[in-house]
file protein.pdb (PDB, C-alpha atoms)
ATOM      1  CA  MET F   3       0.000   0.000   0.000
ATOM      2  CA  GLU F   4       1.460   3.335  -1.110
ATOM      3  CA  LEU F   5       1.198   6.486   0.969
ATOM      4  CA  ASN F   6      -0.974   8.040  -1.741
ATOM      5  CA  ASP F   7      -3.510   5.267  -1.218
ATOM      6  CA  LEU F   8      -3.735   6.141   2.462
ATOM      7  CA  LYS F   9      -5.693   9.328   1.834
ATOM      8  CA  SER F  10      -8.355   7.695  -0.308
ATOM      9  CA  GLY F  11      -8.460   4.719   2.060
ATOM     10  CA  TRP F  12      -8.976   7.067   5.000
ATOM     11  CA  GLN F  13     -11.607   9.186   3.304
ATOM     12  CA  ASN F  14     -13.604   6.160   2.174
ATOM     13  CA  ALA F  15     -13.484   4.387   5.518
ATOM     14  CA  GLY F  16     -16.544   4.148   7.761
ATOM     15  CA  GLY F  17     -20.218   4.783   7.151
ATOM     16  CA  ALA F  18     -23.494   5.850   8.743
ATOM     17  CA  PHE F  19     -23.701   2.923  11.156
ATOM     18  CA  LYS F  20     -25.570   4.662  13.954
ATOM     19  CA  SER F  21     -29.117   5.976  13.694
ATOM     20  CA  GLU F  22     -30.091   9.334  15.192
ATOM     21  CA  ALA F  23     -31.934   7.421  17.923
ATOM     22  CA  ASP F  24     -28.723   5.546  18.823
ATOM     23  CA  LEU F  25     -26.803   8.814  18.872
ATOM     24  CA  GLN F  26     -29.443  10.465  21.053
ATOM     25  CA  LYS F  27     -28.961   7.747  23.699
ATOM     26  CA  MET F  28     -25.221   8.419  23.677
ATOM     27  CA  THR F  29     -25.760  12.033  24.758
ATOM     28  CA  GLN F  30     -27.055  10.839  28.137
ATOM     29  CA  VAL F  31     -24.921   9.944  31.170
ATOM     30  CA  THR F  32     -27.120   6.872  31.733
ATOM     31  CA  HIS F  33     -25.624   5.357  28.558
ATOM     32  CA  HIS F  34     -22.064   6.575  29.123
ATOM     33  CA  PRO F  35     -19.537   3.701  29.318
ATOM     34  CA  SER F  36     -17.689   4.919  32.427
ATOM     35  CA  LEU F  37     -19.423   8.017  33.841
ATOM     36  CA  LYS F  38     -22.577   6.022  34.525
ATOM     37  CA  LYS F  39     -20.680   3.710  36.913
ATOM     38  CA  ILE F  40     -18.769   6.585  38.546
ATOM     39  CA  ARG F  41     -21.978   8.563  39.048
ATOM     40  CA  THR F  42     -23.810   5.575  40.580
ATOM     41  CA  LYS F  43     -20.881   4.997  42.949
ATOM     42  CA  LEU F  44     -20.847   8.699  43.825
ATOM     43  CA  ILE F  45     -24.593   8.783  44.575
ATOM     44  CA  ILE F  46     -24.486   5.629  46.733
ATOM     45  CA  GLU F  47     -21.389   6.841  48.602
ATOM     46  CA  THR F  48     -22.863  10.301  49.185
ATOM     47  CA  ILE F  49     -26.190   8.926  50.456
ATOM     48  CA  GLY F  50     -24.305   6.557  52.787
ATOM     49  CA  LEU F  51     -22.033   9.271  54.153
ATOM     50  CA  VAL F  52     -24.855  11.796  54.630
ATOM     51  CA  PHE F  53     -26.872   9.106  56.417
ATOM     52  CA  PHE F  54     -23.860   8.396  58.648
ATOM     53  CA  LEU F  55     -23.559  12.119  59.446
ATOM     54  CA  PHE F  56     -27.162  12.146  60.657
ATOM     55  CA  VAL F  57     -26.917   9.037  62.834
ATOM     56  CA  TYR F  58     -23.326   8.867  64.058
ATOM     57  CA  TYR F  59     -23.921  11.152  67.054
ATOM     58  CA  ASP F  60     -26.548   8.789  68.528
ATOM     59  CA  TRP F  61     -25.221   5.471  67.302
ATOM     60  CA  PHE F  62     -21.555   6.024  68.140
ATOM     61  CA  ASP F  63     -21.941   8.170  71.269
ATOM     62  CA  GLY F  64     -20.840  11.434  69.698
ATOM     63  CA  GLY F  65     -21.793  13.248  72.923
ATOM     64  CA  LYS F  66     -19.228  11.253  74.913
ATOM     65  CA  LYS F  67     -16.397  12.017  72.496
ATOM     66  CA  PRO F  68     -14.301  15.204  72.541
ATOM     67  CA  PHE F  69     -15.709  18.131  70.574
ATOM     68  CA  SER F  70     -12.545  18.218  68.433
ATOM     69  CA  ALA F  71     -13.055  14.557  67.372
ATOM     70  CA  ASN F  72     -16.640  15.383  66.316
ATOM     71  CA  VAL F  73     -15.525  18.444  64.334
ATOM     72  CA  LEU F  74     -12.737  16.482  62.660
ATOM     73  CA  LEU F  75     -15.094  13.662  61.667
ATOM     74  CA  VAL F  76     -17.841  15.913  60.283
ATOM     75  CA  SER F  77     -15.471  18.211  58.381
ATOM     76  CA  SER F  78     -13.478  15.334  56.851
ATOM     77  CA  LEU F  79     -16.677  13.572  55.747
ATOM     78  CA  LEU F  80     -17.977  16.761  54.129
ATOM     79  CA  LEU F  81     -14.607  17.324  52.448
ATOM     80  CA  TYR F  82     -14.639  13.737  51.205
ATOM     81  CA  ILE F  83     -18.088  14.199  49.613
ATOM     82  CA  LEU F  84     -17.055  17.540  48.089
ATOM     83  CA  ASN F  85     -13.867  16.035  46.669
ATOM     84  CA  ASP F  86     -15.851  13.141  45.163
ATOM     85  CA  VAL F  87     -18.205  15.567  43.399
ATOM     86  CA  ILE F  88     -15.362  17.790  42.122
ATOM     87  CA  GLY F  89     -13.459  14.691  40.958
ATOM     88  CA  TYR F  90     -16.484  13.457  39.016
ATOM     89  CA  ILE F  91     -17.025  16.835  37.327
ATOM     90  CA  SER F  92     -13.332  17.053  36.520
ATOM     91  CA  ILE F  93     -13.108  13.593  34.939
ATOM     92  CA  ALA F  94     -16.308  14.198  32.958
ATOM     93  CA  ARG F  95     -14.808  17.294  31.308
ATOM     94  CA  PRO F  96     -11.656  16.389  29.337
ATOM     95  CA  ILE F  97     -12.082  19.264  26.842
ATOM     96  CA  ARG F  98     -10.247  22.197  28.425
ATOM     97  CA  GLY F  99      -8.896  24.343  25.647
ATOM     98  CA  ILE F 100      -9.217  25.655  22.104
ATOM     99  CA  ASN F 101      -6.646  23.200  20.752
ATOM    100  CA  LEU F 102      -5.346  19.714  21.578
ATOM    101  CA  LYS F 103      -2.051  20.787  23.149
ATOM    102  CA  LEU F 104      -3.598  23.376  25.452
ATOM    103  CA  SER F 105      -6.550  21.192  26.365
ATOM    104  CA  ILE F 106      -4.380  18.226  27.379
ATOM    105  CA  GLN F 107      -2.022  20.473  29.367
ATOM    106  CA  ASN F 108      -4.973  21.989  31.248
ATOM    107  CA  TYR F 109      -6.531  18.583  31.798
ATOM    108  CA  LEU F 110      -3.241  17.305  33.239
ATOM    109  CA  THR F 111      -3.021  20.296  35.611
ATOM    110  CA  GLY F 112      -6.604  19.674  36.764
ATOM    111  CA  ILE F 113      -6.092  15.938  37.278
ATOM    112  CA  LYS F 114      -2.841  16.554  39.215
ATOM    113  CA  ARG F 115      -4.633  18.965  41.539
ATOM    114  CA  ILE F 116      -7.540  16.572  42.084
ATOM    115  CA  SER F 117      -5.170  13.655  42.750
ATOM    116  CA  VAL F 118      -3.302  15.575  45.477
ATOM    117  CA  PHE F 119      -6.546  16.646  47.172
ATOM    118  CA  SER F 120      -7.992  13.177  46.786
ATOM    119  CA  VAL F 121      -5.065  11.453  48.531
ATOM    120  CA  ILE F 122      -4.864  14.082  51.315
ATOM    121  CA  ILE F 123      -8.623  14.017  51.945
ATOM    122  CA  SER F 124      -8.752  10.195  51.939
ATOM    123  CA  PHE F 125      -5.964  10.217  54.513
ATOM    124  CA  LEU F 126      -7.737  12.825  56.643
ATOM    125  CA  TYR F 127     -11.025  10.917  56.331
ATOM    126  CA  GLY F 128      -9.417   7.667  57.524
ATOM    127  CA  ILE F 129      -7.574   9.359  60.386
ATOM    128  CA  SER F 130     -10.691  11.211  61.552
ATOM    129  CA  ILE F 131     -12.689   7.967  61.764
ATOM    130  CA  ILE F 132      -9.887   6.296  63.722
ATOM    131  CA  VAL F 133      -9.522   9.307  66.057
ATOM    132  CA  PHE F 134     -13.273   9.441  66.621
ATOM    133  CA  LEU F 135     -13.716   5.727  67.300
ATOM    134  CA  THR F 136     -10.659   5.424  69.527
ATOM    135  CA  SER F 137     -11.136   8.544  71.638
ATOM    136  CA  VAL F 138     -12.393   7.864  75.161
ATOM    137  CA  ILE F 139     -11.601   4.159  74.987
ATOM    138  CA  ASN F 140      -9.562   1.856  77.242
ATOM    139  CA  PHE F 141      -6.999   0.159  75.047
ATOM    140  CA  THR F 142      -6.358  -3.540  75.598
ATOM    141  CA  LYS F 143      -3.770  -5.554  73.634
ATOM    142  CA  GLU F 144      -6.487  -6.895  71.305
ATOM    143  CA  LYS F 145      -7.910  -3.432  70.653
ATOM    144  CA  LYS F 146      -4.435  -2.138  69.842
ATOM    145  CA  LEU F 147      -3.972  -4.968  67.339
ATOM    146  CA  ILE F 148      -7.325  -4.195  65.706
ATOM    147  CA  LEU F 149      -6.360  -0.515  65.500
ATOM    148  CA  ALA F 150      -3.004  -1.436  63.911
ATOM    149  CA  GLY F 151      -4.897  -3.591  61.384
ATOM    150  CA  ILE F 152      -7.238  -0.704  60.516
ATOM    151  CA  ILE F 153      -4.268   1.651  60.037
ATOM    152  CA  VAL F 154      -2.517  -0.853  57.737
ATOM    153  CA  VAL F 155      -5.695  -1.258  55.617
ATOM    154  CA  LEU F 156      -6.088   2.527  55.497
ATOM    155  CA  PHE F 157      -2.532   3.008  54.223
ATOM    156  CA  GLN F 158      -2.978   0.227  51.652
ATOM    157  CA  MET F 159      -6.101   1.952  50.317
ATOM    158  CA  ILE F 160      -4.363   5.321  50.115
ATOM    159  CA  LEU F 161      -1.385   3.715  48.393
ATOM    160  CA  LEU F 162      -3.688   2.043  45.859
ATOM    161  CA  SER F 163      -5.465   5.340  45.172
ATOM    162  CA  PHE F 164      -2.064   7.050  44.772
ATOM    163  CA  LYS F 165      -0.933   4.376  42.282
ATOM    164  CA  ILE F 166      -4.099   4.732  40.172
ATOM    165  CA  TRP F 167      -3.698   8.524  40.018
ATOM    166  CA  THR F 168       0.020   8.217  39.228
ATOM    167  CA  LYS F 169      -0.696   5.902  36.296
ATOM    168  CA  ARG F 170      -3.285   8.284  34.865
ATOM    169  CA  ILE F 171      -0.988  11.311  35.327
ATOM    170  CA  LYS F 172       1.980   9.477  33.768
ATOM    171  CA  ASN F 173      -0.105   8.754  30.671
ATOM    172  CA  LEU F 174      -1.216  12.401  30.349
ATOM    173  CA  LYS F 175       2.351  13.651  30.929
ATOM    174  CA  GLN F 176       3.495  11.497  28.025
ATOM    175  CA  GLN F 177       0.822  13.071  25.792
ATOM    176  CA  VAL F 178       1.906  16.578  26.799
ATOM    177  CA  LYS F 179       5.544  15.630  26.149
ATOM    178  CA  ASP F 180       4.670  14.302  22.681
ATOM    179  CA  PHE F 181       2.833  17.504  21.805
ATOM    180  CA  ASN F 182       5.718  19.668  23.045
ATOM    181  CA  LEU F 183       8.298  17.733  21.011
ATOM    182  CA  ASP F 184      10.241  19.983  18.588
ATOM    183  CA  GLU F 185       8.246  23.058  19.693
ATOM    184  CA  GLU F 186      10.705  23.785  22.515
ATOM    185  CA  LYS F 187      13.748  23.728  20.235
TER     186      LYS F 187
ATOM    187  CA  MET Q  24     -30.914  22.247  19.265
ATOM    188  CA  GLU Q  25     -30.832  18.510  19.941
ATOM    189  CA  LYS Q  26     -32.344  17.672  16.539
ATOM    190  CA  GLU Q  27     -29.799  19.830  14.749
ATOM    191  CA  PHE Q  28     -26.979  18.268  16.774
ATOM    192  CA  LEU Q  29     -28.116  14.701  16.054
ATOM    193  CA  LYS Q  30     -28.413  15.383  12.345
ATOM    194  CA  THR Q  31     -24.920  16.919  12.269
ATOM    195  CA  ILE Q  32     -23.360  13.985  14.127
ATOM    196  CA  HIS Q  33     -25.274  11.495  11.998
ATOM    197  CA  ASP Q  34     -23.898  13.119   8.839
ATOM    198  CA  TYR Q  35     -20.329  13.290  10.173
ATOM    199  CA  GLN Q  36     -20.166  10.043  12.154
ATOM    200  CA  LYS Q  37     -17.558   8.604   9.782
ATOM    201  CA  ILE Q  38     -15.015  10.889  11.464
ATOM    202  CA  ILE Q  39     -15.797   9.509  14.932
ATOM    203  CA  TYR Q  40     -15.699   5.961  13.610
ATOM    204  CA  LYS Q  41     -12.227   6.490  12.123
ATOM    205  CA  ILE Q  42     -10.826   8.119  15.269
ATOM    206  CA  CYS Q  43     -12.127   5.210  17.352
ATOM    207  CA  ARG Q  44     -10.469   2.675  15.071
ATOM    208  CA  VAL Q  45      -7.151   4.512  15.212
ATOM    209  CA  TYR Q  46      -7.066   5.014  18.972
ATOM    210  CA  ARG Q  47      -8.520   1.761  20.283
ATOM    211  CA  ASP Q  48      -7.703  -1.862  19.432
ATOM    212  CA  SER Q  49     -10.738  -3.909  20.365
ATOM    213  CA  ARG Q  50     -14.257  -3.472  19.053
ATOM    214  CA  GLU Q  51     -15.579  -3.059  22.596
ATOM    215  CA  ASP Q  52     -13.127  -0.241  23.382
ATOM    216  CA  GLN Q  53     -13.939   1.417  20.046
ATOM    217  CA  GLU Q  54     -17.645   1.322  20.878
ATOM    218  CA  ASP Q  55     -17.001   2.828  24.334
ATOM    219  CA  LEU Q  56     -14.875   5.597  22.826
ATOM    220  CA  PHE Q  57     -17.557   6.305  20.209
ATOM    221  CA  GLN Q  58     -20.110   6.875  22.984
ATOM    222  CA  GLU Q  59     -17.652   8.977  24.964
ATOM    223  CA  ILE Q  60     -16.959  11.191  21.941
ATOM    224  CA  VAL Q  61     -20.661  11.704  21.140
ATOM    225  CA  TYR Q  62     -21.237  12.626  24.797
ATOM    226  CA  GLN Q  63     -18.367  15.164  24.774
ATOM    227  CA  LEU Q  64     -19.572  16.611  21.438
ATOM    228  CA  TRP Q  65     -23.033  17.083  22.918
ATOM    229  CA  LYS Q  66     -21.574  18.805  25.997
ATOM    230  CA  SER Q  67     -19.488  21.173  23.906
ATOM    231  CA  TYR Q  68     -22.139  21.802  21.236
ATOM    232  CA  PRO Q  69     -23.645  24.923  22.909
ATOM    233  CA  ALA Q  70     -20.197  26.581  22.779
ATOM    234  CA  PHE Q  71     -19.709  25.750  19.075
ATOM    235  CA  LYS Q  72     -20.225  29.035  17.243
ATOM    236  CA  ARG Q  73     -19.728  27.694  13.705
ATOM    237  CA  GLU Q  74     -16.751  29.992  13.201
ATOM    238  CA  SER Q  75     -14.788  26.914  12.170
ATOM    239  CA  LYS Q  76     -15.846  24.039   9.925
ATOM    240  CA  VAL Q  77     -18.078  21.380  11.524
ATOM    241  CA  SER Q  78     -15.488  18.734  10.625
ATOM    242  CA  SER Q  79     -12.712  20.743  12.398
ATOM    243  CA  TRP Q  80     -14.820  20.994  15.526
ATOM    244  CA  ILE Q  81     -15.674  17.259  15.488
ATOM    245  CA  TYR Q  82     -12.027  16.323  14.911
ATOM    246  CA  ARG Q  83     -10.838  18.583  17.756
ATOM    247  CA  ILE Q  84     -13.307  17.181  20.290
ATOM    248  CA  ALA Q  85     -12.960  13.582  19.105
ATOM    249  CA  LEU Q  86      -9.143  13.601  19.117
ATOM    250  CA  ASN Q  87      -9.034  15.399  22.469
ATOM    251  CA  THR Q  88     -11.369  12.813  23.981
ATOM    252  CA  ALA Q  89      -9.487   9.867  22.483
ATOM    253  CA  ILE Q  90      -6.164  11.142  23.850
ATOM    254  CA  ALA Q  91      -7.261  12.381  27.288
ATOM    255  CA  VAL Q  92      -9.769   9.772  28.375
ATOM    256  CA  TYR Q  93      -8.230   7.094  30.515
ATOM    257  CA  ARG Q  94      -7.827   3.698  28.889
ATOM    258  CA  LYS Q  95      -8.491   0.523  30.806
ATOM    259  CA  SER Q  96      -5.262  -1.406  31.192
ATOM    260  CA  LYS Q  97      -5.244  -4.708  29.399
ATOM    261  CA  LEU Q  98      -3.017  -7.677  28.796
ATOM    262  CA  SER Q  99       0.038  -6.636  26.810
ATOM    263  CA  ILE Q 100      -0.708  -8.697  23.728
ATOM    264  CA  GLU Q 101       0.306  -7.267  20.364
ATOM    265  CA  TYR Q 102      -2.406  -8.649  18.141
ATOM    266  CA  TYR Q 103      -0.841  -8.007  14.762
ATOM    267  CA  GLU Q 104       2.884  -7.448  14.928
ATOM    268  CA  GLU Q 105       3.016  -8.101  11.200
ATOM    269  CA  PHE Q 106       0.077  -7.736   8.908
ATOM    270  CA  PRO Q 107      -0.758 -11.178   7.555
ATOM    271  CA  GLU Q 108      -1.052 -10.732   3.783
ATOM    272  CA  HIS Q 109      -0.267  -8.461   0.905
ATOM    273  CA  ILE Q 110      -3.170  -6.464  -0.369
ATOM    274  CA  HIS Q 111      -4.373  -6.153  -3.959
ATOM    275  CA  PRO Q 112      -7.023  -3.472  -4.349
ATOM    276  CA  SER Q 113      -9.345  -5.184  -6.802
ATOM    277  CA  ASP Q 114     -12.569  -6.297  -5.126
ATOM    278  CA  GLU Q 115     -14.766  -5.413  -2.139
ATOM    279  CA  LYS Q 116     -13.239  -7.944   0.231
ATOM    280  CA  ILE Q 117      -9.753  -6.681  -0.572
ATOM    281  CA  VAL Q 118     -10.821  -3.065  -0.126
ATOM    282  CA  SER Q 119     -11.909  -3.964   3.380
ATOM    283  CA  GLU Q 120      -8.545  -5.667   3.977
ATOM    284  CA  ASN Q 121      -6.858  -2.523   2.721
ATOM    285  CA  GLU Q 122      -8.830  -0.516   5.247
ATOM    286  CA  GLU Q 123      -7.841  -2.926   7.983
ATOM    287  CA  ARG Q 124      -4.181  -2.587   6.971
ATOM    288  CA  LEU Q 125      -4.447   1.212   7.008
ATOM    289  CA  PHE Q 126      -5.809   1.278  10.568
ATOM    290  CA  TRP Q 127      -3.342  -1.375  11.687
ATOM    291  CA  ALA Q 128      -0.481   0.837  10.468
ATOM    292  CA  LEU Q 129      -1.912   3.992  12.038
ATOM    293  CA  ARG Q 130      -2.330   2.272  15.406
ATOM    294  CA  LYS Q 131       1.448   1.799  15.512
ATOM    295  CA  LEU Q 132       1.976   5.565  15.873
ATOM    296  CA  ASN Q 133       1.916   7.485  19.149
ATOM    297  CA  ASP Q 134      -1.173   9.519  20.100
ATOM    298  CA  SER Q 135       0.008  12.926  18.867
ATOM    299  CA  GLU Q 136       1.209  11.402  15.571
ATOM    300  CA  LYS Q 137      -2.168   9.708  15.133
ATOM    301  CA  ALA Q 138      -3.902  13.077  15.566
ATOM    302  CA  ILE Q 139      -1.730  14.869  13.018
ATOM    303  CA  ILE Q 140      -1.853  12.154  10.363
ATOM    304  CA  SER Q 141      -5.639  11.759  10.756
ATOM    305  CA  LEU Q 142      -6.109  15.458  10.027
ATOM    306  CA  TYR Q 143      -3.677  15.272   7.098
ATOM    307  CA  LEU Q 144      -5.466  12.243   5.608
ATOM    308  CA  GLU Q 145      -8.788  14.078   5.916
ATOM    309  CA  ASP Q 146      -7.249  16.777   3.673
ATOM    310  CA  PHE Q 147      -6.977  19.587   6.193
ATOM    311  CA  SER Q 148      -4.405  22.246   5.288
ATOM    312  CA  TYR Q 149      -1.218  22.648   7.349
ATOM    313  CA  GLN Q 150      -2.705  25.814   8.822
ATOM    314  CA  GLU Q 151      -5.895  24.005   9.912
ATOM    315  CA  ILE Q 152      -3.914  21.094  11.379
ATOM    316  CA  ALA Q 153      -1.718  23.565  13.272
ATOM    317  CA  GLU Q 154      -4.788  25.338  14.699
ATOM    318  CA  ILE Q 155      -6.465  22.125  15.851
ATOM    319  CA  ALA Q 156      -3.271  20.652  17.326
ATOM    320  CA  GLY Q 157      -2.001  23.905  18.854
ATOM    321  CA  LEU Q 158       1.362  23.661  17.071
ATOM    322  CA  SER Q 159       3.134  25.840  14.516
ATOM    323  CA  GLU Q 160       2.777  25.151  10.780
ATOM    324  CA  THR Q 161       6.524  24.503  10.540
ATOM    325  CA  ASN Q 162       6.296  21.948  13.302
ATOM    326  CA  ILE Q 163       3.397  20.229  11.542
ATOM    327  CA  GLY Q 164       5.498  20.019   8.345
ATOM    328  CA  VAL Q 165       8.441  18.467  10.183
ATOM    329  CA  ARG Q 166       6.264  16.016  12.045
ATOM    330  CA  LEU Q 167       4.320  14.968   8.946
ATOM    331  CA  ASN Q 168       7.540  14.113   7.136
ATOM    332  CA  ARG Q 169       8.623  12.011  10.073
ATOM    333  CA  ILE Q 170       5.232  10.294  10.312
ATOM    334  CA  LYS Q 171       5.172   9.543   6.578
ATOM    335  CA  ASN Q 172       8.608   7.921   6.814
ATOM    336  CA  LYS Q 173       7.488   5.922   9.816
ATOM    337  CA  LEU Q 174       4.390   4.725   7.949
ATOM    338  CA  LYS Q 175       6.498   3.775   4.909
ATOM    339  CA  GLU Q 176       8.604   1.588   7.209
ATOM    340  CA  ILE Q 177       5.547   0.028   8.814
ATOM    341  CA  LEU Q 178       3.863  -0.687   5.492
ATOM    342  CA  LYS Q 179       6.997  -2.003   3.762
TER     343      LYS Q 179
END
call {"tool": "encode", "arguments": {"input": "protein.pdb", "output": "structure tokens"}}
result
Amino acid sequence: MELNDLKSGWQNAGGAFKSEADLQKMTQVTHHPSLKKIRTKLIIETIGLVFFLFVYYDWFDGGKKPFSANVLLVSSLLLYILNDVIGYISIARPIRGINLKLSIQNYLTGIKRISVFSVIISFLYGISIIVFLTSVINFTKEKKLILAGIIVVLFQMILLSFKIWTKRIKNLKQQVKDFNLDEEK
Amino acid sequence: MEKEFLKTIHDYQKIIYKICRVYRDSREDQEDLFQEIVYQLWKSYPAFKRESKVSSWIYRIALNTAIAVYRKSKLSIEYYEEFPEHIHPSDEKIVSENEERLFWALRKLNDSEKAIISLYLEDFSYQEIAEIAGLSETNIGVRLNRIKNKLKEILK
């Protein structure tokens, strides 16, 4: 195949495979391949966390815990929900500029910012739950072991989240690098 | 507005189809990307002022989406390291094989190269390619030469 054939091959490729009805479905989040799942997860998580905020004071003896532990728990939960919502909006909007180079650079900057906040807030969220549950408690050897286990799981989850973000950022950095090639010379 | 949008995308869907075939290997991933692109086009449609050609706008959004949207990691299997047969453009079946060979070769390029060569193959001018990509015309010229040589090697 000669290079000249590529143009005609390209221009003749494809067809009108999708009907307008098919295309109309694709404009909705409910038919989106990934956003649909992320949005469902976000809604379930938010409902669960808001429910927890309403009941934790009675169910987990919020009145017997220090005021600071209550404030830390409530603020970290609210931050966690806020970060989830901002993360969703950010991922759903990859078009960030008038051309490819600018858009991908801006998208990378946004994703980097979200990843830092996400890891910090997840850490704060985990710590606040541990602080809340362990304040005003008599520690036995078993309870200390359980606490150590919870901390290990928490760090594993944060590490996993960090790795996922790093992979995504590495991929975007490579795209930005490719677009900047030769331009910097 | 929705009717007008759907008619436009219906008429220009070949572009989306081609971008999906260049940027994704499996049929399932291509279908997912197609949906993602239509969704992003719909979201950006209100801001489209028709100052540029419809095809330029679709290419910009489609390429941006294909490059930026995170790809699911998969097993590192190279399906077609070498294309199986030589192609003789004489009948329908062969034409389809030719098309397959074209996309196979294009998939060997990196993402920015895929964007530039797609625009070139669609017959956009260097100036239009430069505007969509956000690069200078000189840079587009240099890159296109490099990409053409790379494709010659791949298709040898």
call {"tool": "resolve_selection", "arguments": {"input": "protein.pdb", "expression": "the PyMOL selection byres ((chain Q and resi 133-149) around 9)", "output": "PyMOL selection string"}}
result
(chain F and resi 8-13+177-178+180-181) or (chain Q and resi 38+41-42+45-46+79+82+86-87+89-90+129-132+150-156+159-161+163-164+166-167+170-171)
call {"tool": "resolve_selection", "arguments": {"input": "protein.pdb", "expression": "the ChimeraX specification (/Q :<7) & /F", "output": "PyMOL selection string"}}
result
chain F and resi 3+8-9+11-13+15-18+21-22+25-26+28-30+34-35+96-97+101-104+106+170+174+177+180-181+184-185
call {"tool": "resolve_selection", "arguments": {"input": "protein.pdb", "expression": "the PyMOL selection byres ((chain F and resi 123) around 12)", "output": "list in words"}}
result
Leu74, Leu75, Ser77, Ser78, Leu79, Leu80, Leu81, Tyr82, Ile83, Leu84, Asn85, Asp86, Ile116, Ser117, Val118, Phe119, Ser120, Val121, Ile122, Ser124, Phe125, Leu126, Tyr127, Gly128, Ile129, Ser130, Ile160, Ser163 and Phe164 of chain F
call {"tool": "atom_distance", "arguments": {"input": "protein.pdb", "atom1": "atom CA of F:Leu55", "atom2": "atom CA of F:Lys67"}}
result
14.9 Å
call {"tool": "atom_distance", "arguments": {"input": "protein.pdb", "atom1": "atom CA of F:Asp60", "atom2": "atom CA of F:Ile131"}}
result
15.4 Å
call {"tool": "atom_distance", "arguments": {"input": "protein.pdb", "atom1": "atom CA of F:Lys114", "atom2": "atom CA of F:Gly89"}}
result
10.9 Å
call {"tool": "closest_residue", "arguments": {"input": "protein.pdb", "among": "F:Asp24, F:Glu144, F:Leu37, F:Asn182", "to": "F:Ser92", "atoms": "only C-alpha atoms"}}
result
F:Leu37
call {"tool": "closest_residue", "arguments": {"input": "protein.pdb", "among": "F:Ile171, F:Leu147, F:Leu162, F:Ser36", "to": "F:Gly112", "atoms": "all atoms listed in the file"}}
result
F:Ile171
